[in-house]
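Chemist: Pasting a structure here, questions to come.
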Amino acid sequence: MQVDELLKPFPIKEFHPFPRAMMGPGAWELVGPEAKKLGFQRVLVMTSGLRGSETVPKLVGSLRYHGLDVVVYDQVESNPKDYNTMDAVALYQENECDSFISIGGGSSHDACKGARVSVAHDGRSVNEFEGFNKSENPKNPPHIAISTTAGTGSETSWAYVITDTTTDPDNPHKYVAFDDACVPTLAVDDPTLYYDCPVDYTAQCGFDVLAHASEPYVSRLNFETSLGNALHAIKLTAKHLRQATWNPQELKGREGMMYAQYIAAQAFNSGGLGIIHSISHAISAFYDIHHGLNNAIALPRVWAFNMPVAYKRFADIAGAMGVDTHGMTDVQAADAALAASVRLIRDVGITERFIDVKQDTYSKNRLGKGPTQFYANSPTVVGDKDDIDRITNHVLGDACTPGNAKECTFETVRPVVEHCMHGDMDDLLS
Ligand SMILES: [Fe+2]
């Protein structure tokens, strides 16, 4: 069912599945036995490599210790490209693998989900499955998704996001595929695997969680079973993100954010997203900038845009973020939520405008360094009129946009994009 179908009067709500999960410190040690129980024999591991940490060798060693044959594809890029997925599919077929394990954040999980769908369709291009439930064969290989970040939620969701590099070079395209067939078989969220995540990347991933939690809480889908999870994930993020960012070896912060990630994804899995994500996808498509960073820059602008249609919901968000809303009107409390989000952005040291994102802004930056022609001439974000126009048009075509709290048109969304480029977050605060 398409999101715009769900928004019609008297809609039928659709609940999407999520997998079994192993949570908590030490869960990674169960991956080998769990893989054996699931019948894995020859597994393709998909990862970015997580170079600089021992995570991949540790997990691969454990899998081999438990008797599995392991083939490794460790070239997944940030904002995974279609060719990452198709290279992995070729390796899977060549080695006659029977299962997948992804190790990493959303890029590795998403590329892996796309590979599974492709494998189930004789290696057809992953780009053919953009949209909602495009799998014709729902039976694809089993998949254990092991998280090393706390942001994506992809380990437990029915979504994957791929950049299509075969489109017009002037109009690169990053799309979301929602597919009940791509849900992993088992999710593993072990906070000890999160210790090696860099400070800036931890902060940015935290804003992917806050976007995943807040967007379904105010979405026009208004899916009741998502609301409790959404609010609790906001609460956990407000409570733990500063600790996870600045005290990276402290378990409580890492564990709190892992749960926040997992719970937020369960909220958006059926509750929908909005234009924080649509703007983020567009910026990634054109500039290859990290998803969580894009979300952080877009979040307060989109909250301000959506507030007039959902003051009460944003007042609830303020409470979840630790604001004492006693005696406030809903409008005052909503404003306080916005202020709390800006405070959190500043407390964890995130860049506040897209035009300020430079080559050395953050550790995962690939801006201007991508192997495709899309990025060769984009050493910085341009942010001029044409750039804002093309980003706005990409936003309007995004699968997340119909669920946004407030109706979106070119005229209403363009100023939001423009503010993300050039505006001062202080302008949002009354
Ligand atoms: Fe996201």
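Ligands are numbered from 1 in the order shown, chains are lettered A, B, ... in the order of the structure tokens, and residues start at 1 in each chain.
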Please run DSSP on the backbone and report, as number ranges by chain, all residues within stretch 186-347 of chain A that come out as strand (DSSP E).

Modeler: A: 186-189

Chemist: Find the residues of chain A that sit at most 8 Å from ligand 1; for each, write down the nearest two atoms and how far apart they are in Å, to one decimal. Count only C-alpha atoms and all ligand atoms. Sort by chain, then by number going up, and give it as CSV.

Modeler:
residue,atom,partner,partner_atom_place_in_ligand_line,distance
A:Gly151,CA,ligand 1,1 (Fe),7.1
A:Thr152,CA,ligand 1,1 (Fe),5.5
A:Gly153,CA,ligand 1,1 (Fe),7.7
A:Asp208,CA,ligand 1,1 (Fe),4.9
A:Val209,CA,ligand 1,1 (Fe),7.0
A:Ala211,CA,ligand 1,1 (Fe),6.8
A:His212,CA,ligand 1,1 (Fe),6.0
A:His277,CA,ligand 1,1 (Fe),6.2
A:His291,CA,ligand 1,1 (Fe),6.7
A:Gly292,CA,ligand 1,1 (Fe),6.9
A:Asn295,CA,ligand 1,1 (Fe),7.6

Chemist: Tell me which protein, DNA and RNA residues are within 10 Å of A:Glu29, counting only C-alpha atoms, leaving out same-chain ones fewer than 5 positions away, and put them as number ranges by chain.

Modeler: A: 34, 58-59, 62-63, 190

Chemist: Can you write just those residues out, C-alpha atoms, as a PDB file, in the first residue's frame?

Modeler:
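Result saved to part_17.pdb:
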ATOM      1  CA  GLU A  34      22.274 -18.088  15.938  1.00  0.00           C
ATOM      2  CA  LYS A  58      36.421 -10.182  15.581  1.00  0.00           C
ATOM      3  CA  LEU A  59      33.009 -11.058  14.191  1.00  0.00           C
ATOM      4  CA  SER A  62      33.793 -15.813  15.606  1.00  0.00           C
ATOM      5  CA  LEU A  63      31.701 -16.966  12.643  1.00  0.00           C
ATOM      6  CA  ASP A 190      25.157  -4.781  21.156  1.00  0.00           C
TER       7      ASP A 190
END

Chemist: Excluding same-chain residues fewer than 2 positions from A:Val60, what lies within 10 Å of it counting only C-alpha atoms, as a list in words?

Modeler: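 Residues near the query, excluding close chain neighbours: Gly32, Val45, Thr55, Val56, Pro57, Lys58, Ser62, Leu63, Arg64, Tyr65, His66, Leu68, Asp69, Val70, Val71, Val72, Ile101 and Ile103 of chain A.
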
Chemist: Name all residues at most 10 Å from stretch 323-338 of chain A (count only C-alpha atoms; drop same-chain ones fewer than 3 positions away) and give them as a list in words.

Modeler: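 In the requested format, the answer is Leu299, Pro300, Arg301, Val302, Trp303, Ala304, Met307, Pro308, Ala310, Tyr311, Lys312, Arg313, Phe314, Ala315, Asp316, Ile317, Ala318, Gly319, Ala320, Ser341, Val342, Arg343, Leu344, Met425, Leu428, Leu429 and Ser430 of chain A.
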